[in-house]
>>> print(open('start.tsv').read())   # TSV, C-alpha atoms
chain	number	residue	atom	x	y	z
A	1	MET	CA	12.39	-46.14	-11.33
A	2	SER	CA	13.78	-49.57	-10.76
A	3	GLY	CA	13.89	-51.61	-13.96
A	4	GLU	CA	10.62	-53.00	-15.14
A	5	GLU	CA	11.81	-56.55	-14.72
A	6	GLU	CA	11.74	-56.10	-11.00
A	7	GLU	CA	8.19	-54.90	-10.70
A	8	ASN	CA	6.03	-57.57	-9.23
A	9	ALA	CA	2.93	-56.84	-7.22
A	10	ALA	CA	2.79	-60.37	-5.88
A	11	GLU	CA	6.00	-59.72	-4.00
A	12	LEU	CA	5.06	-56.17	-3.15
A	13	LYS	CA	7.75	-54.83	-5.48
A	14	ILE	CA	6.65	-51.76	-7.32
A	15	GLY	CA	8.54	-48.85	-8.82
A	16	ASP	CA	10.16	-46.14	-6.73
A	17	ASP	CA	7.69	-43.55	-7.88
A	18	PHE	CA	5.06	-45.28	-5.87
A	19	LEU	CA	6.90	-45.27	-2.59
A	20	LYS	CA	5.28	-41.96	-1.84
A	21	ALA	CA	1.92	-42.86	-3.31
A	22	LYS	CA	-1.01	-44.09	-1.34
A	23	CYS	CA	-3.18	-47.00	-2.36
A	24	LEU	CA	-6.87	-46.53	-2.68
A	25	MET	CA	-9.60	-49.08	-2.77
A	26	ASN	CA	-12.19	-49.04	-5.51
A	27	CYS	CA	-14.81	-47.83	-3.06
A	28	GLU	CA	-12.68	-44.86	-2.09
A	29	VAL	CA	-11.99	-43.91	-5.67
A	30	SER	CA	-15.66	-44.22	-6.34
A	31	LEU	CA	-16.40	-41.74	-3.55
A	32	ILE	CA	-13.91	-39.24	-4.91
A	33	LEU	CA	-14.87	-39.52	-8.54
A	34	GLU	CA	-18.57	-39.39	-7.85
A	35	HIS	CA	-18.04	-36.34	-5.75
A	36	LYS	CA	-16.09	-34.72	-8.58
A	37	TYR	CA	-18.81	-35.67	-10.98
A	38	GLU	CA	-21.45	-34.09	-8.77
A	39	GLN	CA	-19.45	-30.89	-8.71
A	40	LEU	CA	-19.31	-30.89	-12.47
A	41	GLN	CA	-23.01	-31.48	-12.62
A	42	GLN	CA	-23.60	-28.36	-10.61
A	43	MET	CA	-21.48	-26.38	-13.01
A	44	SER	CA	-22.89	-27.54	-16.30
A	45	ASP	CA	-25.90	-29.38	-17.67
A	46	ASP	CA	-23.93	-31.95	-19.57
A	47	PRO	CA	-21.20	-33.13	-17.25
A	48	MET	CA	-20.26	-36.14	-19.35
A	49	ASN	CA	-19.01	-33.70	-21.95
A	50	GLN	CA	-16.67	-32.10	-19.46
A	51	VAL	CA	-14.80	-35.14	-18.24
A	52	SER	CA	-12.05	-37.03	-19.95
A	53	GLN	CA	-12.54	-40.53	-21.25
A	54	VAL	CA	-10.21	-41.86	-18.64
A	55	PHE	CA	-12.38	-40.35	-15.94
A	56	GLU	CA	-15.57	-41.69	-17.43
A	57	LYS	CA	-14.31	-45.24	-17.81
A	58	SER	CA	-12.80	-45.26	-14.37
A	59	LEU	CA	-15.97	-43.99	-12.79
A	60	GLN	CA	-17.93	-46.73	-14.49
A	61	TYR	CA	-15.46	-49.31	-13.31
A	62	VAL	CA	-15.26	-48.28	-9.69
A	63	LYS	CA	-19.02	-47.90	-9.44
A	64	ARG	CA	-19.37	-51.49	-10.51
A	65	PHE	CA	-16.59	-52.85	-8.34
A	66	SER	CA	-17.04	-50.85	-5.21
A	67	ARG	CA	-17.71	-53.15	-2.25
A	68	TYR	CA	-17.97	-50.87	0.72
A	69	LYS	CA	-19.67	-47.63	1.36
A	70	ASN	CA	-17.71	-46.86	4.45
A	71	PRO	CA	-13.95	-46.93	3.83
A	72	ASP	CA	-13.17	-45.63	7.31
A	73	ALA	CA	-14.43	-48.86	8.80
A	74	VAL	CA	-12.23	-50.91	6.48
A	75	ARG	CA	-9.22	-48.85	7.41
A	76	GLN	CA	-9.82	-49.72	11.04
A	77	VAL	CA	-9.31	-53.34	10.11
A	78	ARG	CA	-5.93	-52.55	8.62
A	79	ASP	CA	-4.77	-50.81	11.74
A	80	ARG	CA	-5.79	-53.78	13.81
A	81	TYR	CA	-3.98	-56.33	11.67
A	82	GLN	CA	-0.98	-54.31	10.51
A	83	LEU	CA	-1.71	-54.81	6.86
A	84	ALA	CA	0.22	-52.94	4.24
A	85	GLU	CA	-1.93	-50.51	2.34
A	86	PHE	CA	-1.49	-52.51	-0.80
A	87	GLU	CA	-2.67	-55.68	0.90
A	88	LEU	CA	-5.65	-54.00	2.42
A	89	CYS	CA	-6.67	-52.64	-0.94
A	90	VAL	CA	-6.50	-56.04	-2.59
A	91	LEU	CA	-8.57	-57.59	0.19
A	92	GLY	CA	-11.01	-54.71	0.12
A	93	ASN	CA	-11.41	-54.91	-3.63
A	94	LEU	CA	-11.67	-58.64	-4.06
A	95	CYS	CA	-13.43	-59.58	-0.82
A	96	PRO	CA	-12.14	-63.13	-0.50
A	97	GLU	CA	-14.40	-65.40	1.53
A	98	THR	CA	-12.00	-68.04	2.79
A	99	VAL	CA	-8.52	-68.01	4.26
A	100	GLU	CA	-7.18	-70.00	1.34
A	101	GLU	CA	-8.63	-67.55	-1.12
A	102	ALA	CA	-7.20	-64.61	0.78
A	103	ILE	CA	-3.72	-66.11	0.70
A	104	ALA	CA	-4.04	-66.82	-3.01
A	105	MET	CA	-4.99	-63.18	-3.61
A	106	VAL	CA	-2.38	-61.65	-1.31
A	107	PRO	CA	0.51	-64.09	-0.90
A	108	SER	CA	2.46	-61.56	1.14
A	109	ILE	CA	0.14	-61.78	4.17
A	110	LYS	CA	1.59	-65.21	4.78
A	111	THR	CA	5.19	-64.74	3.72
A	112	LYS	CA	6.13	-61.59	5.49
A	113	GLY	CA	6.56	-63.40	8.77
A	114	ARG	CA	4.14	-61.20	10.62
A	115	ALA	CA	2.61	-64.07	12.55
A	116	HIS	CA	-0.57	-64.10	10.58
A	117	ASP	CA	-1.78	-67.61	11.15
A	118	ASP	CA	-4.87	-68.94	9.48
A	119	GLU	CA	-6.98	-68.12	12.47
A	120	ALA	CA	-5.98	-64.48	12.45
A	121	ILE	CA	-6.66	-64.19	8.75
A	122	ASP	CA	-10.02	-65.83	9.20
A	123	LYS	CA	-10.91	-63.38	11.92
A	124	MET	CA	-9.83	-60.51	9.70
A	125	LEU	CA	-11.99	-61.70	6.82
A	126	ASN	CA	-14.90	-62.06	9.21
A	127	ASP	CA	-14.43	-58.50	10.39
A	128	LEU	CA	-14.36	-57.26	6.84
A	129	SER	CA	-17.54	-59.07	5.93
A	130	LEU	CA	-19.24	-57.81	9.08
A	131	ILE	CA	-18.38	-54.27	8.10
A	132	LYS	CA	-19.97	-54.90	4.75
A	133	LYS	CA	-23.09	-56.30	6.36
A	134	PHE	CA	-23.65	-53.57	8.88
A	135	GLU	CA	-22.67	-50.43	7.10
B	1	MET	CA	7.27	-29.74	12.27
B	2	CYS	CA	7.00	-26.45	10.51
B	3	ARG	CA	3.93	-24.35	10.55
B	4	PRO	CA	3.87	-21.92	7.72
B	5	ARG	CA	1.25	-19.28	7.45
B	6	LEU	CA	-1.54	-21.17	5.84
B	7	VAL	CA	-3.65	-19.25	3.44
B	8	ALA	CA	-6.31	-21.71	2.65
B	9	THR	CA	-8.62	-20.42	0.06
B	10	GLN	CA	-11.61	-22.03	-1.29
B	11	ASN	CA	-13.28	-21.78	-4.57
B	12	LYS	CA	-16.77	-23.08	-4.10
B	13	LYS	CA	-16.94	-24.61	-7.48
B	14	ASN	CA	-13.65	-26.34	-7.60
B	15	ASN	CA	-13.13	-26.90	-3.92
B	16	TRP	CA	-9.46	-26.27	-3.89
B	17	ALA	CA	-7.61	-26.01	-0.71
B	18	VAL	CA	-4.65	-23.94	-1.74
B	19	THR	CA	-1.68	-23.41	0.46
B	20	HIS	CA	0.68	-20.59	0.10
B	21	GLN	CA	3.93	-20.75	1.86
B	22	GLY	CA	7.46	-19.63	1.80
B	23	THR	CA	10.31	-21.94	1.09
B	24	HIS	CA	9.10	-24.58	3.53
B	25	LYS	CA	7.98	-27.69	1.87
B	26	CYS	CA	4.95	-28.38	3.94
B	27	LEU	CA	2.04	-30.27	2.66
B	28	LEU	CA	-1.57	-30.42	3.53
B	29	LYS	CA	-2.52	-33.52	5.32
B	30	PRO	CA	-3.58	-35.82	2.54
B	31	CYS	CA	-7.32	-35.75	2.77
B	32	GLU	CA	-8.70	-39.07	3.73
B	33	LEU	CA	-11.43	-39.57	1.26
B	34	GLY	CA	-14.39	-39.99	3.51
B	35	ARG	CA	-13.50	-36.73	5.10
B	36	GLU	CA	-13.00	-34.79	1.93
B	37	ARG	CA	-16.27	-33.00	2.18
B	38	ALA	CA	-15.74	-31.95	5.72
B	39	GLU	CA	-12.33	-30.65	4.84
B	40	GLU	CA	-13.65	-28.57	2.07
B	41	GLU	CA	-16.12	-26.95	4.36
B	42	ASN	CA	-13.48	-26.24	6.89
B	43	ALA	CA	-10.32	-25.76	4.98
B	44	SER	CA	-8.76	-23.45	7.53
B	45	GLU	CA	-8.71	-26.17	10.15
B	46	LEU	CA	-6.58	-28.47	8.08
B	47	GLY	CA	-3.62	-29.76	9.96
B	48	VAL	CA	-0.26	-29.21	8.36
B	49	GLU	CA	2.14	-32.02	8.68
B	50	GLN	CA	5.47	-32.95	7.34
B	51	GLN	CA	5.05	-35.88	5.11
B	52	GLN	CA	7.71	-38.36	4.37
B	53	GLY	CA	7.65	-41.48	2.16
B	54	GLY	CA	6.29	-44.63	3.63
B	55	LYS	CA	3.20	-44.58	1.48
B	56	ARG	CA	2.50	-47.61	-0.59
B	57	LYS	CA	1.09	-48.53	-3.91
B	58	LYS	CA	-1.78	-50.11	-5.73
B	59	MET	CA	-3.74	-49.95	-8.88
B	60	PHE	CA	-5.53	-46.84	-7.77
B	61	LEU	CA	-2.95	-44.55	-6.36
B	62	LYS	CA	-3.00	-41.26	-4.67
B	63	VAL	CA	0.17	-39.48	-5.70
B	64	GLN	CA	1.77	-36.11	-5.30
B	65	LEU	CA	3.08	-34.60	-8.44
B	66	PRO	CA	5.12	-31.56	-9.27
B	67	TRP	CA	3.88	-29.81	-12.37
B	68	ASN	CA	4.52	-26.62	-14.26
B	69	VAL	CA	1.61	-24.46	-15.18
B	70	ILE	CA	2.02	-21.75	-17.77
B	71	ILE	CA	-0.34	-18.85	-17.52
B	72	PRO	CA	-0.62	-16.55	-20.54
B	73	ALA	CA	-0.01	-12.91	-19.77
B	74	GLU	CA	-3.62	-11.91	-20.42
B	75	ASN	CA	-4.81	-14.20	-17.64
B	76	LEU	CA	-2.59	-12.60	-15.05
B	77	ASP	CA	-4.58	-10.68	-12.55
B	78	ALA	CA	-3.40	-8.62	-9.67
B	79	LYS	CA	-6.12	-9.98	-7.45
B	80	GLY	CA	-4.77	-13.22	-6.02
B	81	LEU	CA	-7.91	-15.27	-6.28
B	82	MET	CA	-8.32	-14.84	-10.00
B	83	LEU	CA	-4.72	-15.85	-10.54
B	84	GLN	CA	-5.18	-18.97	-8.49
B	85	ARG	CA	-8.28	-19.70	-10.42
B	86	SER	CA	-6.51	-19.54	-13.73
B	87	ILE	CA	-3.69	-21.69	-12.39
B	88	VAL	CA	-6.22	-24.28	-11.33
B	89	VAL	CA	-8.09	-24.17	-14.61
B	90	CYS	CA	-4.86	-24.50	-16.51
B	91	LEU	CA	-3.71	-27.37	-14.36
B	92	LEU	CA	-7.00	-29.21	-14.88
B	93	ASP	CA	-6.77	-28.76	-18.62
B	94	ASP	CA	-3.20	-30.00	-18.80
B	95	PHE	CA	-4.03	-32.88	-16.54
B	96	ALA	CA	-6.92	-34.02	-18.70
B	97	LYS	CA	-4.84	-33.71	-21.85
B	98	LYS	CA	-2.00	-35.74	-20.45
B	99	GLN	CA	-4.17	-38.88	-20.05
B	100	ALA	CA	-1.40	-41.17	-18.88
B	101	THR	CA	2.33	-41.60	-18.36
B	102	LYS	CA	4.46	-44.67	-18.40
B	103	ASP	CA	5.58	-44.39	-14.82
B	104	LEU	CA	2.44	-43.30	-13.07
B	105	GLY	CA	-0.32	-44.78	-15.20
B	106	TYR	CA	-3.58	-43.15	-16.11
B	107	TYR	CA	-4.36	-39.77	-14.64
B	108	LEU	CA	-7.86	-39.80	-13.23
B	109	ALA	CA	-8.48	-36.73	-11.17
B	110	VAL	CA	-6.82	-33.94	-9.27
B	111	SER	CA	-7.80	-34.03	-5.63
B	112	THR	CA	-5.96	-31.19	-3.93
B	113	LEU	CA	-3.59	-28.52	-5.02
B	114	GLU	CA	-0.84	-28.61	-2.44
B	115	SER	CA	1.25	-25.58	-3.20
B	116	ILE	CA	2.00	-22.95	-5.79
B	117	GLY	CA	5.56	-21.85	-6.14
B	118	GLU	CA	7.03	-18.55	-7.28
B	119	GLY	CA	6.09	-17.62	-10.83
B	120	LYS	CA	8.81	-17.11	-13.41
B	121	VAL	CA	8.32	-14.89	-16.40
B	122	ARG	CA	9.21	-16.48	-19.71
B	123	GLN	CA	11.30	-14.15	-21.82
B	124	GLN	CA	9.81	-14.47	-25.27
B	125	THR	CA	6.09	-14.65	-24.63
B	126	GLY	CA	5.60	-12.93	-21.33
B	127	ASP	CA	3.75	-15.95	-20.00
B	128	VAL	CA	4.35	-16.87	-16.42
B	129	LEU	CA	5.37	-20.33	-15.34
B	130	PHE	CA	4.26	-21.52	-11.93
B	131	PRO	CA	5.64	-24.69	-10.42
B	132	VAL	CA	2.83	-26.37	-8.49
B	133	VAL	CA	2.52	-29.49	-6.40
B	134	PHE	CA	-0.77	-31.29	-6.27
B	135	SER	CA	-2.27	-34.60	-5.26
B	136	GLY	CA	-4.09	-36.67	-7.75
B	137	ILE	CA	-5.40	-40.14	-8.34
B	138	THR	CA	-3.83	-42.39	-10.91
B	139	PHE	CA	-4.43	-45.91	-12.05
B	140	LYS	CA	-1.71	-48.31	-12.95
B	141	ILE	CA	-1.66	-52.06	-13.17
B	142	PHE	CA	1.30	-54.13	-12.08
B	143	ARG	CA	2.60	-57.53	-12.94
B	144	GLY	CA	1.48	-60.08	-10.39
B	145	GLU	CA	-1.50	-58.08	-9.31
B	146	ILE	CA	-4.92	-59.72	-9.08
B	147	LEU	CA	-7.74	-57.66	-10.50
B	148	GLU	CA	-11.26	-57.89	-11.77
B	149	GLY	CA	-12.31	-56.79	-15.21
B	150	VAL	CA	-15.27	-56.97	-17.52
B	151	VAL	CA	-15.18	-58.88	-20.80
B	152	HIS	CA	-16.00	-56.68	-23.76
B	153	LYS	CA	-15.01	-58.82	-26.69
B	154	VAL	CA	-14.82	-62.55	-27.24
B	155	LEU	CA	-12.42	-63.71	-29.93
B	156	LYS	CA	-11.51	-67.17	-31.07
B	157	HIS	CA	-8.12	-67.12	-29.40
B	158	GLY	CA	-9.08	-65.37	-26.23
B	159	VAL	CA	-11.06	-62.50	-24.75
B	160	LEU	CA	-10.48	-58.77	-24.33
B	161	LEU	CA	-11.30	-57.26	-21.00
B	162	LYS	CA	-11.54	-53.75	-19.70
B	163	CYS	CA	-10.61	-52.62	-16.28
B	164	GLY	CA	-11.19	-48.98	-15.55
B	165	PRO	CA	-9.42	-46.84	-18.13
B	166	ILE	CA	-7.55	-49.76	-19.66
B	167	GLU	CA	-9.51	-51.36	-22.46
B	168	ASN	CA	-6.95	-53.70	-23.96
B	169	ILE	CA	-6.47	-56.47	-21.48
B	170	TYR	CA	-5.96	-59.70	-23.33
B	171	LEU	CA	-6.70	-63.07	-21.84
B	172	SER	CA	-5.45	-65.68	-24.26
B	173	SER	CA	-7.15	-69.06	-24.49
B	174	LEU	CA	-3.74	-70.55	-23.78
B	175	LYS	CA	-3.90	-68.95	-20.37
B	176	MET	CA	-7.30	-70.42	-19.54
B	177	PRO	CA	-6.70	-74.07	-20.40
B	178	ASP	CA	-9.93	-75.39	-18.83
B	179	TYR	CA	-12.06	-73.26	-21.09
B	180	ARG	CA	-13.00	-74.06	-24.64
B	181	TYR	CA	-14.34	-71.71	-27.26
B	182	VAL	CA	-17.99	-72.10	-28.25
B	183	PRO	CA	-18.75	-70.18	-31.46
B	184	GLY	CA	-22.10	-68.67	-32.23
B	185	GLU	CA	-23.83	-65.32	-32.36
B	186	ASN	CA	-22.63	-64.65	-28.84
B	187	PRO	CA	-19.43	-66.67	-28.65
B	188	VAL	CA	-18.36	-67.74	-25.17
B	189	PHE	CA	-15.70	-69.74	-23.40
B	190	LEU	CA	-17.07	-72.62	-21.32
B	191	ASN	CA	-15.50	-75.07	-18.92
B	192	ASP	CA	-16.74	-78.36	-17.53
B	193	LYS	CA	-18.09	-76.82	-14.37
B	194	THR	CA	-20.57	-74.75	-16.42
B	195	SER	CA	-18.53	-71.70	-15.71
B	196	LYS	CA	-18.86	-69.23	-18.56
B	197	ILE	CA	-16.76	-66.37	-19.89
B	198	GLY	CA	-18.80	-64.28	-22.28
B	199	LYS	CA	-19.47	-60.63	-22.98
B	200	ASP	CA	-20.06	-58.50	-19.85
B	201	VAL	CA	-18.93	-61.25	-17.52
B	202	VAL	CA	-16.73	-60.21	-14.61
B	203	VAL	CA	-13.48	-62.13	-14.53
B	204	ARG	CA	-10.83	-62.20	-11.85
B	205	PHE	CA	-7.35	-62.55	-13.29
B	206	VAL	CA	-3.68	-62.18	-12.54
B	207	VAL	CA	-1.56	-59.76	-14.58
B	208	LEU	CA	1.30	-61.40	-16.48
B	209	GLY	CA	2.75	-58.33	-18.06
B	210	THR	CA	2.01	-54.79	-19.11
B	211	LYS	CA	3.08	-52.70	-22.05
B	212	TRP	CA	3.12	-48.96	-22.49
B	213	LEU	CA	2.26	-47.62	-25.93
B	214	GLU	CA	3.93	-44.26	-26.29
B	215	ALA	CA	2.06	-43.18	-29.42
B	216	GLU	CA	-1.40	-43.83	-28.06
B	217	ARG	CA	-0.44	-42.99	-24.49
B	218	GLU	CA	-2.08	-46.19	-23.37
B	219	PHE	CA	-1.35	-49.37	-21.52
B	220	GLN	CA	-1.95	-52.90	-22.64
B	221	ALA	CA	-1.87	-55.94	-20.42
B	222	LEU	CA	-1.61	-59.65	-20.76
B	223	VAL	CA	-3.45	-61.64	-18.11
B	224	SER	CA	-3.98	-65.21	-17.07
B	225	LEU	CA	-6.43	-67.44	-15.20
B	226	GLU	CA	-3.74	-69.87	-14.13
B	227	GLY	CA	-3.81	-69.72	-10.36
B	228	ASP	CA	-6.09	-70.36	-7.44
B	229	TYR	CA	-9.39	-68.57	-7.18
B	230	LEU	CA	-9.20	-66.95	-10.57
B	231	GLY	CA	-11.93	-66.98	-13.20
B	232	PRO	CA	-15.41	-65.59	-13.68
B	233	SER	CA	-16.33	-63.94	-10.42
B	234	SER	CA	-19.30	-65.18	-8.45
B	235	HIS	CA	-19.22	-62.38	-5.93
B	236	VAL	CA	-20.29	-59.60	-8.09
B	237	THR	CA	-23.88	-60.35	-8.93
B	238	VAL	CA	-26.67	-61.81	-6.90
B	239	ARG	CA	-27.26	-64.13	-9.78
B	240	GLY	CA	-23.75	-65.44	-9.42
B	241	ARG	CA	-24.22	-66.01	-5.74
B	242	ILE	CA	-27.47	-67.90	-6.18
B	243	SER	CA	-26.08	-70.08	-8.94
B	244	ASN	CA	-23.11	-70.84	-6.74
B	245	MET	CA	-25.35	-71.93	-3.91
B	246	ILE	CA	-27.47	-74.04	-6.16
B	247	HIS	CA	-24.39	-75.47	-7.71
B	248	LYS	CA	-23.22	-76.62	-4.33
B	249	CYS	CA	-26.60	-78.30	-3.73
B	250	GLY	CA	-26.12	-80.15	-6.97
B	251	ILE	CA	-29.23	-79.26	-8.93
B	252	MET	CA	-29.21	-79.85	-12.69
B	253	PRO	CA	-28.12	-76.86	-14.80
B	254	PRO	CA	-31.44	-76.35	-16.68
B	255	LEU	CA	-33.23	-76.22	-13.38
B	256	ILE	CA	-30.84	-73.56	-12.21
B	257	ALA	CA	-31.79	-71.26	-15.02
B	258	LEU	CA	-35.46	-71.66	-14.22
B	259	LEU	CA	-34.88	-71.15	-10.52
B	260	LEU	CA	-32.76	-68.13	-11.21
B	261	GLN	CA	-35.38	-66.40	-13.25
B	262	GLY	CA	-37.99	-67.21	-10.65
B	263	ALA	CA	-35.80	-66.03	-7.84
B	264	THR	CA	-34.83	-62.71	-9.34
B	265	SER	CA	-38.38	-61.79	-10.30
B	266	LEU	CA	-39.58	-62.85	-6.88
B	267	ILE	CA	-37.05	-60.58	-5.28
B	268	SER	CA	-37.41	-57.67	-7.60
B	269	TYR	CA	-41.20	-57.56	-7.55
B	270	PRO	CA	-41.69	-56.63	-3.91
B	271	LEU	CA	-38.76	-54.27	-4.22
B	272	LYS	CA	-40.50	-52.56	-7.08
B	273	LEU	CA	-43.63	-52.23	-5.00
B	274	LEU	CA	-41.62	-50.56	-2.29
B	275	GLY	CA	-40.12	-48.30	-4.88
B	276	TRP	CA	-36.58	-49.50	-4.24
B	277	THR	CA	-35.56	-50.22	-7.74
>>> encode(input="start.tsv", output="structure tokens")
Amino acid sequence: MSGEEEENAAELKIGDDFLKAKCLMNCEVSLILEHKYEQLQQMSDDPMNQVSQVFEKSLQYVKRFSRYKNPDAVRQVRDRYQLAEFELCVLGNLCPETVEEAIAMVPSIKTKGRAHDDEAIDKMLNDLSLIKKFE
Amino acid sequence: MCRPRLVATQNKKNNWAVTHQGTHKCLLKPCELGRERAEEENASELGVEQQQGGKRKKMFLKVQLPWNVIIPAENLDAKGLMLQRSIVVCLLDDFAKKQATKDLGYYLAVSTLESIGEGKVRQQTGDVLFPVVFSGITFKIFRGEILEGVVHKVLKHGVLLKCGPIENIYLSSLKMPDYRYVPGENPVFLNDKTSKIGKDVVVRFVVLGTKWLEAEREFQALVSLEGDYLGPSSHVTVRGRISNMIHKCGIMPPLIALLLQGATSLISYPLKLLGWT
């Protein structure tokens, strides 16, 4: 693990352990955890007793902050705009409405020199909001 | 690309796709979440692919972890399925007990068991140790990351927020300079633009730093509102959205409250009639 001083999500610098990890959006985690919870429900009458506190709190959190019901559609957007997984997850979780807001949330979409001009970002945000509307 | 003999078994209750293979280090295609169900129903059709790095990171992470599972001798069973079952049960127990680690964050759930290695008998006890690899979901927050959390305590010098499994996220009043503390039965922080930070309010913040507490196996974080587009979130509730709209139209604050109440009951009433709520 690279020293803690170097970790900085704003610059997309995160420990080595996470190079192999995959980012998930809140809505995806919500799907997984709810599915797990359903399984537990089938097994016992009092599923809340079965799960750890961490699980319970996380489920509560992602249920509240889940923005999409259809993560596959959101992933399509990433493929189209060559977003890093991390960036996609931030956009998908926070749902910025304007280009300025999006850049404030994910500074790296501007700095990485991937020719994302304001217009492209605007189009991307539009796509994301359309997905939300029509799912 | 190697294609080992894939013995995908499925335990209806736990939905494990278990691979058994020789020395090849082949992994199940990481199940894309939406498809998880389908995969479970059709475990034998899972593609096997060599997986190399290139995956990235975020607060909720899907990671692959090596782990050692120790099965007591009495749980050893000649029939393969029962053995796998006890390995899985043991893994789940250990996983839940672990709660969190400094490097990977909070352990939320096991998603798939990727492989079970060769068991090794432990001399003294006769227990068998199985090295396993599985995928799981973890949660870790990083410095510089922008997140949303819910206020659960308002103190004089700042507020405490929770964000998933992390309950101690401190937002100091020094880091929200526009807001001033208003004491009372339900103390809140207010700013000039009638924006309010009180209990149960959703706040968007940037993480300044995190701290791992070894004894409690917990994380703490220090966050700030200094930055663009940070503060109480207006996206999250309909109420927030309406008040935002009204705010833009420039109607007086007391009127807003009245309008809000009217609006929400107007909306919720027909919904109730339709049985939607």
>>> closest_residue(input="start.tsv", among="B:Thr138, B:Ser115, B:Thr101, B:Ser86", to="A:Ala21", atoms="only C-alpha atoms")
B:Thr138
>>> residues_around(input="start.tsv", residues="stretch 91-95 of chain B", least_positions_apart="2", cutoff="12 Å", atoms="all atoms listed in the file", output="PyMOL selection string")
(chain A and resi 50-52+54-55) or (chain B and resi 14+16+65-71+84-89+97-101+106-113+116+129-138)
>>> closest_residue(input="start.tsv", among="A:Ala102, A:Glu56, A:Asp117, A:Met25", to="B:Ala96", atoms="only C-alpha atoms")
A:Glu56
>>> closest_residue(input="start.tsv", among="B:Thr194, B:Asn186, B:Thr210, B:Gln220", to="chain A", atoms="only C-alpha atoms")
B:Thr210
>>> residues_around(input="start.tsv", residues="B:Tyr170", least_positions_apart="4", cutoff="9 Å", atoms="only C-alpha atoms", output="PyMOL selection string")
chain B and resi 158-162+220-224
>>> closest_residue(input="start.tsv", among="B:Met82, B:Leu213, B:Leu155, B:Ile146", to="chain A", atoms="all atoms listed in the file")
B:Ile146
>>> residues_around(input="start.tsv", residues="A:Met124", least_positions_apart="3", cutoff="8 Å", atoms="only C-alpha atoms", output="list in words")
Val77, Tyr81, Ala120, Ile121, Asp127 and Leu128 of chain A
>>> write_last_selection(input="start.tsv", atoms="C-alpha atoms", output="PDB file, in the coordinates of the input")
ATOM      1  CA  VAL A  77      -9.310 -53.340  10.110  1.00  0.00           C
ATOM      2  CA  TYR A  81      -3.980 -56.330  11.670  1.00  0.00           C
ATOM      3  CA  ALA A 120      -5.980 -64.480  12.450  1.00  0.00           C
ATOM      4  CA  ILE A 121      -6.660 -64.190   8.750  1.00  0.00           C
ATOM      5  CA  ASP A 127     -14.430 -58.500  10.390  1.00  0.00           C
ATOM      6  CA  LEU A 128     -14.360 -57.260   6.840  1.00  0.00           C
TER       7      LEU A 128
END
>>> closest_residue(input="start.tsv", among="A:Val74, A:Leu31, A:Gln41, A:Leu88", to="A:Val62", atoms="all atoms listed in the file")
A:Leu31
>>> atom_distance(input="start.tsv", atom1="atom CA of B:Pro177", atom2="atom CA of B:Trp212")
27.0 Å
>>> atom_distance(input="start.tsv", atom1="atom CA of A:Gln39", atom2="atom CA of A:Leu59")
14.2 Å
>>> closest_residue(input="start.tsv", among="B:Pro165, B:Gly105, B:Pro72, B:Gly126", to="chain A", atoms="only C-alpha atoms")
B:Pro165
>>> atom_distance(input="start.tsv", atom1="atom CA of B:Glu226", atom2="atom CA of A:Val29")
28.5 Å
>>> closest_atom_pairs(input="start.tsv", of="stretch 118-211 of chain B", to="stretch 64-69 of chain A", cutoff="10 Å", atoms="only C-alpha atoms", output="JSON lines")
{"residue": "B:Glu148", "atom": "CA", "partner": "A:Phe65", "partner_atom": "CA", "distance": 8.1}
{"residue": "B:Gly149", "atom": "CA", "partner": "A:Phe65", "partner_atom": "CA", "distance": 9.0}
{"residue": "B:Val150", "atom": "CA", "partner": "A:Arg64", "partner_atom": "CA", "distance": 9.8}
{"residue": "B:Cys163", "atom": "CA", "partner": "A:Phe65", "partner_atom": "CA", "distance": 9.9}
{"residue": "B:Gly164", "atom": "CA", "partner": "A:Phe65", "partner_atom": "CA", "distance": 9.8}
{"residue": "B:Val202", "atom": "CA", "partner": "A:Phe65", "partner_atom": "CA", "distance": 9.7}
